[in-house]
file upload22.pdb (PDB, C-alpha atoms)
ATOM      1  CA  MET Q 971      19.225 -14.943  -3.184
ATOM      2  CA  SER Q 972      21.507 -12.183  -4.450
ATOM      3  CA  CYS Q 973      23.818 -14.785  -6.099
ATOM      4  CA  ALA Q 974      20.979 -16.667  -7.794
ATOM      5  CA  GLN Q 975      19.929 -15.923 -11.341
ATOM      6  CA  MET Q 976      17.151 -13.368 -11.710
ATOM      7  CA  VAL Q 977      14.204 -14.980 -13.513
ATOM      8  CA  LEU Q 978      11.502 -12.305 -13.270
ATOM      9  CA  GLU Q 979      11.663  -8.511 -13.052
ATOM     10  CA  VAL Q 980       8.654  -6.204 -12.835
ATOM     11  CA  VAL Q 981       9.342  -2.470 -13.148
ATOM     12  CA  GLY Q 982       6.787   0.312 -12.697
ATOM     13  CA  LEU Q 983       3.843  -1.910 -13.615
ATOM     14  CA  ARG Q 984       0.483  -0.131 -13.820
ATOM     15  CA  ALA Q 985      -2.980  -1.448 -14.674
ATOM     16  CA  GLU Q 986      -6.511  -0.077 -14.540
ATOM     17  CA  PHE Q 987     -10.138  -1.054 -14.947
ATOM     18  CA  ALA Q 988     -12.338   1.153 -17.074
ATOM     19  CA  GLY Q 989     -15.735   2.036 -15.618
ATOM     20  CA  ALA Q 990     -18.725   4.215 -16.342
ATOM     21  CA  GLY Q 991     -16.750   7.207 -15.075
ATOM     22  CA  ALA Q 992     -13.018   7.521 -14.539
ATOM     23  CA  ALA Q 993     -10.849   4.408 -14.737
ATOM     24  CA  THR Q 994      -9.740   2.818 -11.454
ATOM     25  CA  THR Q 995      -6.043   2.102 -11.066
ATOM     26  CA  VAL Q 996      -5.683  -1.376  -9.557
ATOM     27  CA  VAL Q 997      -1.915  -1.873  -9.957
ATOM     28  CA  ASN Q 998       0.087   1.256  -9.289
ATOM     29  CA  ASP Q 999       3.819   1.495 -10.031
ATOM     30  CA  VAL Q1000       4.771  -1.973  -8.754
ATOM     31  CA  ASP Q1001       8.381  -3.184  -8.789
ATOM     32  CA  LEU Q1002       9.272  -6.827  -8.070
ATOM     33  CA  VAL Q1003      12.342  -9.020  -8.519
ATOM     34  CA  LEU Q1004      12.339 -12.820  -8.323
ATOM     35  CA  HIS Q1005      15.381 -15.108  -8.433
ATOM     36  CA  GLN Q1006      15.691 -18.777  -9.289
ATOM     37  CA  ALA Q1007      14.091 -21.039  -6.653
ATOM     38  CA  GLU Q1008      12.948 -18.015  -4.628
ATOM     39  CA  ARG Q1009       9.468 -17.933  -3.063
ATOM     40  CA  LEU Q1010       7.832 -14.510  -3.083
ATOM     41  CA  GLY Q1011       4.557 -13.916  -1.266
ATOM     42  CA  ILE Q1012       2.110 -11.185  -2.290
ATOM     43  CA  VAL Q1013      -0.273 -10.544   0.593
ATOM     44  CA  GLY Q1014      -3.189  -8.194   1.175
ATOM     45  CA  GLU Q1015      -6.947  -8.008   1.620
ATOM     46  CA  SER Q1016      -9.427  -8.813  -1.131
ATOM     47  CA  GLY Q1017      -9.445  -5.846  -3.498
ATOM     48  CA  SER Q1018      -5.845  -4.864  -2.777
ATOM     49  CA  GLY Q1019      -4.800  -5.664  -6.362
ATOM     50  CA  LYS Q1020      -3.046  -9.024  -5.900
ATOM     51  CA  THR Q1021      -4.836 -10.957  -8.619
ATOM     52  CA  ALA Q1022      -4.797  -7.974 -10.980
ATOM     53  CA  LEU Q1023      -1.025  -7.823 -10.496
ATOM     54  CA  ALA Q1024      -0.635 -11.540 -11.264
ATOM     55  CA  LEU Q1025      -2.799 -11.333 -14.383
ATOM     56  CA  SER Q1026      -0.972  -8.211 -15.539
ATOM     57  CA  ILE Q1027       2.387  -9.971 -15.227
ATOM     58  CA  LEU Q1028       1.155 -12.892 -17.343
ATOM     59  CA  GLY Q1029      -0.670 -10.755 -19.898
ATOM     60  CA  LEU Q1030      -4.009 -12.268 -18.880
ATOM     61  CA  LEU Q1031      -5.832  -9.153 -17.691
ATOM     62  CA  ASP Q1032      -9.052  -9.096 -19.705
ATOM     63  CA  PRO Q1033     -11.149  -6.019 -20.593
ATOM     64  CA  PRO Q1034     -12.250  -3.781 -18.994
ATOM     65  CA  GLY Q1035      -8.833  -4.245 -17.389
ATOM     66  CA  ARG Q1036      -5.688  -3.171 -19.206
ATOM     67  CA  VAL Q1037      -1.994  -2.658 -18.481
ATOM     68  CA  THR Q1038      -1.122   1.012 -18.878
ATOM     69  CA  GLY Q1039       2.581   1.154 -18.107
ATOM     70  CA  GLY Q1040       5.749  -0.516 -16.921
ATOM     71  CA  ARG Q1041       7.584  -3.579 -18.102
ATOM     72  CA  VAL Q1042       7.779  -7.283 -17.248
ATOM     73  CA  GLU Q1043      10.884  -9.307 -18.104
ATOM     74  CA  LEU Q1044      11.098 -13.080 -17.798
ATOM     75  CA  GLY Q1045      14.806 -13.736 -18.012
ATOM     76  CA  ASP Q1046      15.763 -12.633 -21.524
ATOM     77  CA  VAL Q1047      12.133 -12.267 -22.691
ATOM     78  CA  ALA Q1048      10.269  -8.948 -22.409
ATOM     79  CA  LEU Q1049       6.764 -10.270 -21.680
ATOM     80  CA  SER Q1050       5.259  -6.799 -21.802
ATOM     81  CA  GLU Q1051       6.314  -6.444 -25.456
ATOM     82  CA  LEU Q1052       4.967  -9.767 -26.763
ATOM     83  CA  ASP Q1053       1.810 -10.169 -28.817
ATOM     84  CA  ASP Q1054      -0.916 -12.606 -27.738
ATOM     85  CA  ARG Q1055       0.400 -15.513 -29.821
ATOM     86  CA  SER Q1056       3.951 -15.144 -28.497
ATOM     87  CA  LEU Q1057       2.663 -14.821 -24.924
ATOM     88  CA  ALA Q1058       0.677 -18.034 -25.315
ATOM     89  CA  ARG Q1059       3.891 -19.861 -26.252
ATOM     90  CA  VAL Q1060       5.677 -18.561 -23.140
ATOM     91  CA  ARG Q1061       2.821 -19.197 -20.694
ATOM     92  CA  GLY Q1062       3.001 -22.806 -19.594
ATOM     93  CA  SER Q1063       6.541 -23.321 -20.853
ATOM     94  CA  ARG Q1064       8.437 -20.640 -18.913
ATOM     95  CA  ILE Q1065       5.829 -19.129 -16.611
ATOM     96  CA  SER Q1066       2.662 -20.825 -15.336
ATOM     97  CA  TYR Q1067      -0.446 -19.741 -13.465
ATOM     98  CA  ILE Q1068      -2.419 -21.690 -10.849
ATOM     99  CA  HIS Q1069      -5.969 -20.373 -10.543
ATOM    100  CA  GLN Q1070      -7.865 -19.834  -7.299
ATOM    101  CA  ASP Q1071     -10.558 -22.361  -8.230
ATOM    102  CA  PRO Q1072      -9.306 -25.410 -10.147
ATOM    103  CA  LEU Q1073     -12.855 -26.626 -10.820
ATOM    104  CA  THR Q1074     -13.500 -23.618 -13.042
ATOM    105  CA  ALA Q1075      -9.940 -23.626 -14.448
ATOM    106  CA  LEU Q1076     -10.083 -27.279 -15.558
ATOM    107  CA  ASN Q1077     -12.074 -28.375 -18.613
ATOM    108  CA  PRO Q1078     -15.060 -30.333 -17.221
ATOM    109  CA  VAL Q1079     -15.480 -32.571 -20.305
ATOM    110  CA  ARG Q1080     -11.853 -33.671 -20.700
ATOM    111  CA  LYS Q1081     -10.081 -36.260 -18.579
ATOM    112  CA  VAL Q1082      -7.393 -34.751 -16.375
ATOM    113  CA  GLY Q1083      -4.616 -36.850 -17.928
ATOM    114  CA  ARG Q1084      -5.474 -35.458 -21.366
ATOM    115  CA  GLN Q1085      -5.417 -31.914 -19.969
ATOM    116  CA  ILE Q1086      -1.935 -32.395 -18.530
ATOM    117  CA  ARG Q1087      -0.727 -33.903 -21.814
ATOM    118  CA  ASP Q1088      -2.113 -30.890 -23.682
ATOM    119  CA  VAL Q1089       0.477 -28.726 -21.892
ATOM    120  CA  LEU Q1090       3.305 -31.009 -23.006
ATOM    121  CA  ASP Q1091       1.914 -31.155 -26.544
ATOM    122  CA  ARG Q1092       1.966 -27.346 -26.798
ATOM    123  CA  HIS Q1093       5.260 -26.634 -25.110
ATOM    124  CA  THR Q1094       7.644 -29.577 -25.502
ATOM    125  CA  GLY Q1095       8.965 -31.875 -28.182
ATOM    126  CA  LEU Q1096       8.832 -34.978 -26.000
ATOM    127  CA  THR Q1097       7.867 -38.324 -27.486
ATOM    128  CA  ARG Q1098       4.590 -40.008 -26.511
ATOM    129  CA  GLU Q1099       6.419 -42.350 -24.139
ATOM    130  CA  GLU Q1100       8.413 -39.500 -22.569
ATOM    131  CA  LYS Q1101       5.183 -37.574 -21.953
ATOM    132  CA  ARG Q1102       3.507 -40.609 -20.413
ATOM    133  CA  ARG Q1103       6.457 -41.221 -18.100
ATOM    134  CA  ARG Q1104       6.816 -37.570 -17.057
ATOM    135  CA  ILE Q1105       3.096 -37.226 -16.223
ATOM    136  CA  ARG Q1106       2.970 -40.412 -14.174
ATOM    137  CA  ASP Q1107       6.173 -39.583 -12.303
ATOM    138  CA  LEU Q1108       4.785 -36.138 -11.522
ATOM    139  CA  LEU Q1109       1.442 -37.498 -10.316
ATOM    140  CA  LEU Q1110       3.306 -39.879  -8.017
ATOM    141  CA  GLU Q1111       5.367 -36.951  -6.750
ATOM    142  CA  LEU Q1112       2.115 -35.092  -6.018
ATOM    143  CA  GLY Q1113       0.820 -37.909  -3.850
ATOM    144  CA  PHE Q1114      -1.386 -39.867  -6.267
ATOM    145  CA  SER Q1115      -0.783 -43.559  -5.577
ATOM    146  CA  ASP Q1116      -2.630 -44.624  -8.748
ATOM    147  CA  PRO Q1117      -1.593 -42.153 -11.472
ATOM    148  CA  VAL Q1118      -3.032 -44.283 -14.278
ATOM    149  CA  GLY Q1119      -6.431 -44.305 -12.603
ATOM    150  CA  ILE Q1120      -6.316 -40.562 -11.888
ATOM    151  CA  GLU Q1121      -5.496 -39.763 -15.513
ATOM    152  CA  SER Q1122      -8.780 -41.333 -16.598
ATOM    153  CA  ARG Q1123     -10.945 -39.275 -14.229
ATOM    154  CA  TYR Q1124     -12.894 -36.095 -14.958
ATOM    155  CA  PRO Q1125     -12.479 -33.003 -12.720
ATOM    156  CA  HIS Q1126     -15.921 -33.389 -11.087
ATOM    157  CA  GLU Q1127     -14.919 -36.879  -9.927
ATOM    158  CA  LEU Q1128     -12.083 -35.499  -7.796
ATOM    159  CA  SER Q1129     -12.059 -33.755  -4.420
ATOM    160  CA  GLY Q1130     -11.062 -30.113  -4.103
ATOM    161  CA  GLY Q1131      -7.585 -31.029  -2.914
ATOM    162  CA  MET Q1132      -7.109 -33.523  -5.737
ATOM    163  CA  ARG Q1133      -8.225 -30.964  -8.323
ATOM    164  CA  GLN Q1134      -5.735 -28.472  -6.926
ATOM    165  CA  ARG Q1135      -2.971 -31.053  -7.251
ATOM    166  CA  ILE Q1136      -3.965 -31.590 -10.898
ATOM    167  CA  ALA Q1137      -3.775 -27.802 -11.395
ATOM    168  CA  ILE Q1138      -0.276 -27.854  -9.893
ATOM    169  CA  ALA Q1139       0.663 -30.734 -12.212
ATOM    170  CA  MET Q1140      -0.486 -28.731 -15.252
ATOM    171  CA  ALA Q1141       1.495 -25.714 -14.043
ATOM    172  CA  VAL Q1142       4.790 -27.531 -13.500
ATOM    173  CA  VAL Q1143       4.758 -30.411 -16.018
ATOM    174  CA  ALA Q1144       6.606 -28.364 -18.691
ATOM    175  CA  ARG Q1145       9.131 -27.278 -16.010
ATOM    176  CA  PRO Q1146       8.721 -23.498 -16.191
ATOM    177  CA  ASP Q1147      11.063 -21.012 -14.556
ATOM    178  CA  VAL Q1148       8.243 -19.324 -12.591
ATOM    179  CA  ILE Q1149       4.930 -20.444 -11.088
ATOM    180  CA  VAL Q1150       2.335 -17.856 -10.047
ATOM    181  CA  ALA Q1151      -0.087 -19.449  -7.570
ATOM    182  CA  ASP Q1152      -3.158 -17.282  -6.965
ATOM    183  CA  GLU Q1153      -4.771 -18.160  -3.614
ATOM    184  CA  PRO Q1154      -4.256 -21.901  -4.281
ATOM    185  CA  THR Q1155      -5.621 -22.958  -0.866
ATOM    186  CA  THR Q1156      -8.585 -20.595  -0.471
ATOM    187  CA  ALA Q1157     -11.438 -23.105  -0.862
ATOM    188  CA  LEU Q1158      -9.717 -25.952   1.017
ATOM    189  CA  ASP Q1159      -9.897 -27.100   4.636
ATOM    190  CA  VAL Q1160      -6.889 -26.464   6.866
ATOM    191  CA  ARG Q1161      -5.436 -29.979   6.529
ATOM    192  CA  THR Q1162      -5.767 -30.003   2.736
ATOM    193  CA  GLN Q1163      -4.295 -26.480   2.575
ATOM    194  CA  ALA Q1164      -1.183 -27.738   4.372
ATOM    195  CA  GLU Q1165      -0.940 -30.769   2.057
ATOM    196  CA  VAL Q1166      -1.241 -28.657  -1.102
ATOM    197  CA  LEU Q1167       1.383 -26.169   0.104
ATOM    198  CA  ALA Q1168       3.719 -29.027   1.048
ATOM    199  CA  MET Q1169       3.350 -30.510  -2.424
ATOM    200  CA  LEU Q1170       3.890 -27.149  -4.108
ATOM    201  CA  ASP Q1171       6.948 -26.705  -1.919
ATOM    202  CA  ARG Q1172       8.307 -30.129  -2.808
ATOM    203  CA  VAL Q1173       7.814 -29.721  -6.540
ATOM    204  CA  ALA Q1174       9.288 -26.206  -6.576
ATOM    205  CA  GLU Q1175      12.294 -27.395  -4.564
ATOM    206  CA  HIS Q1176      12.860 -30.421  -6.788
ATOM    207  CA  HIS Q1177      12.772 -28.428 -10.020
ATOM    208  CA  ARG Q1178      14.354 -25.219  -8.643
ATOM    209  CA  THR Q1179      11.253 -23.304  -9.733
ATOM    210  CA  ALA Q1180      10.673 -19.743  -8.544
ATOM    211  CA  THR Q1181       7.212 -19.251  -7.033
ATOM    212  CA  VAL Q1182       4.941 -16.270  -6.511
ATOM    213  CA  LEU Q1183       2.323 -17.148  -3.883
ATOM    214  CA  ILE Q1184      -0.656 -14.801  -3.643
ATOM    215  CA  SER Q1185      -2.748 -14.912  -0.472
ATOM    216  CA  HIS Q1186      -4.814 -12.832   1.932
ATOM    217  CA  ASN Q1187      -3.343 -14.899   4.800
ATOM    218  CA  ILE Q1188      -0.006 -13.506   5.902
ATOM    219  CA  ASP Q1189       0.674 -16.571   8.088
ATOM    220  CA  VAL Q1190       0.377 -18.901   5.079
ATOM    221  CA  VAL Q1191       2.709 -16.683   3.071
ATOM    222  CA  GLY Q1192       5.168 -16.425   5.944
ATOM    223  CA  SER Q1193       5.422 -20.197   6.328
ATOM    224  CA  PHE Q1194       6.069 -20.800   2.619
ATOM    225  CA  CYS Q1195       7.933 -17.782   1.262
ATOM    226  CA  ASP Q1196      11.442 -16.358   1.511
ATOM    227  CA  THR Q1197      10.263 -12.788   0.916
ATOM    228  CA  ILE Q1198       6.963 -10.949   1.342
ATOM    229  CA  ALA Q1199       5.468  -7.975  -0.473
ATOM    230  CA  VAL Q1200       2.451  -6.435   1.267
ATOM    231  CA  MET Q1201      -0.016  -4.869  -1.163
ATOM    232  CA  TYR Q1202      -2.605  -2.182  -0.426
ATOM    233  CA  ALA Q1203      -4.715  -0.202  -2.913
ATOM    234  CA  GLY Q1204      -2.614  -1.420  -5.825
ATOM    235  CA  ARG Q1205       0.742  -0.481  -4.287
ATOM    236  CA  ILE Q1206       3.461  -2.399  -2.454
ATOM    237  CA  VAL Q1207       3.567  -0.791   1.003
ATOM    238  CA  GLU Q1208       6.129  -3.083   2.639
ATOM    239  CA  SER Q1209       8.526  -5.741   1.406
ATOM    240  CA  GLY Q1210      11.410  -7.738   2.751
ATOM    241  CA  PRO Q1211      12.544 -11.099   4.133
ATOM    242  CA  ALA Q1212       9.492 -13.023   5.345
ATOM    243  CA  ALA Q1213      10.773 -13.612   8.873
ATOM    244  CA  GLU Q1214      11.702  -9.951   9.294
ATOM    245  CA  VAL Q1215       8.452  -8.540   7.924
ATOM    246  CA  ILE Q1216       6.405 -10.797  10.213
ATOM    247  CA  SER Q1217       8.511 -10.342  13.357
ATOM    248  CA  ALA Q1218       9.155  -6.608  12.938
ATOM    249  CA  PRO Q1219       6.534  -5.037  10.622
ATOM    250  CA  ARG Q1220       7.099  -1.367   9.841
ATOM    251  CA  HIS Q1221       3.872  -0.431   8.061
ATOM    252  CA  PRO Q1222       0.665  -0.135  10.167
ATOM    253  CA  TYR Q1223      -1.236  -2.090   7.518
ATOM    254  CA  THR Q1224       1.164  -5.049   7.831
ATOM    255  CA  ARG Q1225       0.717  -4.919  11.595
ATOM    256  CA  ALA Q1226      -3.064  -4.889  11.159
ATOM    257  CA  LEU Q1227      -2.943  -7.942   8.873
ATOM    258  CA  LEU Q1228      -0.895  -9.828  11.454
ATOM    259  CA  ASP Q1229      -3.227  -8.825  14.300
ATOM    260  CA  ALA Q1230      -6.241 -10.087  12.348
ATOM    261  CA  VAL Q1231      -4.885 -13.649  12.103
ATOM    262  CA  PRO Q1232      -6.093 -15.982  14.892
ATOM    263  CA  SER Q1233      -3.594 -18.252  16.644
ATOM    264  CA  LEU Q1234      -3.662 -21.089  19.166
ATOM    265  CA  THR Q1235      -3.215 -18.524  21.950
ATOM    266  CA  THR Q1236      -6.026 -16.236  20.742
ATOM    267  CA  ASP Q1237      -8.704 -15.642  23.410
ATOM    268  CA  ARG Q1238     -11.768 -17.216  21.792
ATOM    269  CA  SER Q1239     -14.089 -15.187  24.003
ATOM    270  CA  GLN Q1240     -12.846 -11.989  22.378
ATOM    271  CA  PRO Q1241     -13.659 -10.869  18.811
ATOM    272  CA  LEU Q1242     -10.830 -10.890  16.287
ATOM    273  CA  ARG Q1243      -9.209  -7.535  15.648
ATOM    274  CA  GLU Q1244     -10.477  -5.719  12.603
ATOM    275  CA  ILE Q1245      -8.615  -3.241  10.453
ATOM    276  CA  GLY Q1246     -11.665  -1.002  10.510
ATOM    277  CA  SER Q1247     -13.680   0.837   7.847
ATOM    278  CA  ALA Q1248     -12.787  -0.034   4.248
ATOM    279  CA  LEU Q1249     -10.743   1.287   1.363
ATOM    280  CA  ARG Q1250     -12.613   4.141  -0.306
ATOM    281  CA  SER Q1251     -12.279   4.869  -4.002
ATOM    282  CA  GLU Q1252     -11.156   8.419  -3.250
ATOM    283  CA  ASP Q1253      -8.276   7.084  -1.133
ATOM    284  CA  ARG Q1254      -6.623   5.616  -4.265
ATOM    285  CA  THR Q1255      -6.298   9.041  -5.890
ATOM    286  CA  ALA Q1256      -5.807  11.242  -2.825
ATOM    287  CA  ALA Q1257      -2.559  13.162  -2.519
ATOM    288  CA  GLY Q1258      -1.564  11.533   0.751
ATOM    289  CA  CYS Q1259      -1.215   7.994   2.059
ATOM    290  CA  THR Q1260      -3.881   5.628   0.729
ATOM    291  CA  PHE Q1261      -4.078   3.907   4.142
ATOM    292  CA  ARG Q1262      -4.482   7.136   6.119
ATOM    293  CA  ALA Q1263      -8.250   6.909   6.736
ATOM    294  CA  ARG Q1264      -7.846   3.459   8.319
ATOM    295  CA  CYS Q1265      -4.526   4.074  10.045
ATOM    296  CA  PRO Q1266      -4.341   4.495  13.848
ATOM    297  CA  VAL Q1267      -1.006   6.298  13.467
ATOM    298  CA  GLY Q1268      -1.395   8.692  10.550
ATOM    299  CA  ARG Q1269      -5.106   9.441  10.432
ATOM    300  CA  ASP Q1270      -4.703  13.001  11.724
ATOM    301  CA  ARG Q1271      -1.132  13.773  10.705
ATOM    302  CA  PRO Q1272      -0.692  16.528   8.070
ATOM    303  CA  ASP Q1273       2.201  14.812   6.271
ATOM    304  CA  CYS Q1274       0.169  11.621   5.873
ATOM    305  CA  ARG Q1275      -2.730  13.645   4.491
ATOM    306  CA  GLU Q1276      -0.673  15.755   2.070
ATOM    307  CA  HIS Q1277       2.234  13.586   0.865
ATOM    308  CA  ARG Q1278       2.163  10.047  -0.444
ATOM    309  CA  PRO Q1279       5.020   7.986   1.070
ATOM    310  CA  HIS Q1280       7.371   6.091  -1.221
ATOM    311  CA  LEU Q1281       8.748   2.599  -0.716
ATOM    312  CA  ASP Q1282      12.109   3.338   0.880
ATOM    313  CA  GLY Q1283      14.744   1.179   2.508
ATOM    314  CA  GLY Q1284      17.102  -1.662   1.672
ATOM    315  CA  SER Q1285      16.214  -5.349   1.773
ATOM    316  CA  HIS Q1286      13.363  -4.457   4.148
ATOM    317  CA  ALA Q1287      11.481  -1.469   2.709
ATOM    318  CA  TRP Q1288       8.264   0.317   3.631
ATOM    319  CA  ALA Q1289       6.112   3.190   2.369
ATOM    320  CA  CYS Q1290       5.228   5.037   5.565
ATOM    321  CA  HIS Q1291       6.014   8.472   7.012
ATOM    322  CA  HIS Q1292       5.842   7.079  10.557
ATOM    323  CA  PRO Q1293       7.039   3.451  10.498
ATOM    324  CA  LEU Q1294       6.200   1.519  13.639
ATOM    325  CA  SER Q1295       9.725   0.933  14.902
ATOM    326  CA  ILE Q1296      10.656   4.617  14.627
ATOM    327  CA  LEU Q1297       7.362   5.679  16.159
ATOM    328  CA  ALA Q1298       8.003   3.387  19.140
ATOM    329  CA  GLU Q1299      11.475   4.881  19.628
ATOM    330  CA  ARG Q1300      10.069   8.422  19.584
ATOM    331  CA  THR Q1301       7.389   7.480  22.126
ATOM    332  CA  ALA Q1302       9.972   5.926  24.442
ATOM    333  CA  ARG Q1303      12.107   9.078  24.535
TER     334      ARG Q1303
END

call {"tool": "encode", "arguments": {"input": "upload22.pdb", "output": "structure tokens"}}
result
Amino acid sequence: MSCAQMVLEVVGLRAEFAGAGAATTVVNDVDLVLHQAERLGIVGESGSGKTALALSILGLLDPPGRVTGGRVELGDVALSELDDRSLARVRGSRISYIHQDPLTALNPVRKVGRQIRDVLDRHTGLTREEKRRRIRDLLLELGFSDPVGIESRYPHELSGGMRQRIAIAMAVVARPDVIVADEPTTALDVRTQAEVLAMLDRVAEHHRTATVLISHNIDVVGSFCDTIAVMYAGRIVESGPAAEVISAPRHPYTRALLDAVPSLTTDRSQPLREIGSALRSEDRTAAGCTFRARCPVGRDRPDCREHRPHLDGGSHAWACHHPLSILAERTAR
């Protein structure tokens, strides 16, 4: 990917939610780089900051949330410096967002064909015939055998998988540089999940679109993405090539996420492994590692309690004072 054109750069991004007391930081000094046609997975538990990060990148974080620092650059456009009207012109044309729940994202009183055409009306200068042809070709590409019939349907008349395909169509019809897909398979059965990911993969490959896939399921991310960034308490705690992060995780949290995923060889008589306890609000602001209270390695170590680790390393980086590979080597000596 180093030779491909960089299409998205996030530097030092910070965001918070205001509350009755002190504000809670939900995105904390995040750096990301995405190249053309690259697939980047953001993975972590619910509450880790994944969706807040996505919304912050797109300028969609609503009050009481707000971006407090950093910059976001989409090619030659500084998204973080645009006003709302300018952002609206860029969203959909150069960067698109796929919501978790397409039923709530789609307009229930407008036919889906009209909703897809709305995107082209706002962001392209295509003729009526060119729009009609592009939409029907795209619907065929997404597995709809009768695109004309689908265009005339309302969202509630479609299945969950069909609605998600319509959401994908709206996201890619203007041929943006970047798609941000926020848990696009969460409410779907396993077979439909696989179909939706395959379609997203096919469309992204065909149009050379870069994709950010957000998920709590590290297996799903690993099967789709080139690179993975593991997020915990608003920070990236490990990042690198997907195959390397999954086969040789360095951060205990990444290892815990992998251990919590069932497989065909999982003993069904045994309970699934749990990470244990939960993220406490005080852990976000503590001096040391935010994962320390849940970590089997650093729970009682002074350096983990007193000093927050930074994301260090090359293509595979981790924020941990006692990364798993090094810890194993020390134990073996």

call {"tool": "resolve_selection", "arguments": {"input": "upload22.pdb", "expression": "the PyMOL selection byres ((chain Q and resi 1178) around 8)", "output": "ChimeraX atom specification"}}
result
/Q:1006-1007,1147,1174-1177,1179-1180

call {"tool": "write_last_selection", "arguments": {"input": "upload22.pdb", "atoms": "C-alpha atoms", "output": "JSON list (two decimals), in the frame of the given file"}}
result
[["chain", "number", "residue", "atom", "x", "y", "z"],
["Q", 1006, "GLN", "CA", 15.69, -18.78, -9.29],
["Q", 1007, "ALA", "CA", 14.09, -21.04, -6.65],
["Q", 1147, "ASP", "CA", 11.06, -21.01, -14.56],
["Q", 1174, "ALA", "CA", 9.29, -26.21, -6.58],
["Q", 1175, "GLU", "CA", 12.29, -27.40, -4.56],
["Q", 1176, "HIS", "CA", 12.86, -30.42, -6.79],
["Q", 1177, "HIS", "CA", 12.77, -28.43, -10.02],
["Q", 1179, "THR", "CA", 11.25, -23.30, -9.73],
["Q", 1180, "ALA", "CA", 10.67, -19.74, -8.54]]

call {"tool": "atom_distance", "arguments": {"input": "upload22.pdb", "atom1": "CA of Gln975 in chain Q", "atom2": "CA of Pro1219 in chain Q"}}
result
27.9 Å

call {"tool": "residues_around", "arguments": {"input": "upload22.pdb", "residues": "range 1087-1098 of chain Q", "least_positions_apart": "2", "cutoff": "12 Å", "atoms": "only C-alpha atoms", "output": "ChimeraX atom specification"}}
result
/Q:1058-1066,1076-1077,1080-1085,1100-1106,1108,1121,1136-1137,1139-1146

call {"tool": "closest_residue", "arguments": {"input": "upload22.pdb", "among": "Q:Tyr1067, Q:Tyr1124, Q:Tyr1202, Q:Tyr1223", "to": "Asp1152 in chain Q", "atoms": "all atoms listed in the file"}}
result
Q:Tyr1067

call {"tool": "closest_residue", "arguments": {"input": "upload22.pdb", "among": "Q:Val1207, Q:Leu1228, Q:Met976, Q:Leu1128", "to": "Pro1078 in chain Q", "atoms": "only C-alpha atoms"}}
result
Q:Leu1128

call {"tool": "axis_aligned_box", "arguments": {"input": "upload22.pdb", "around": "range 989-1000 of chain Q", "padding_each_side": "6 Å", "output": "JSON"}}
result
{"center_x": -7.0, "center_y": 2.8, "center_z": -12.5, "size_x": 35.5, "size_y": 21.5, "size_z": 19.6}
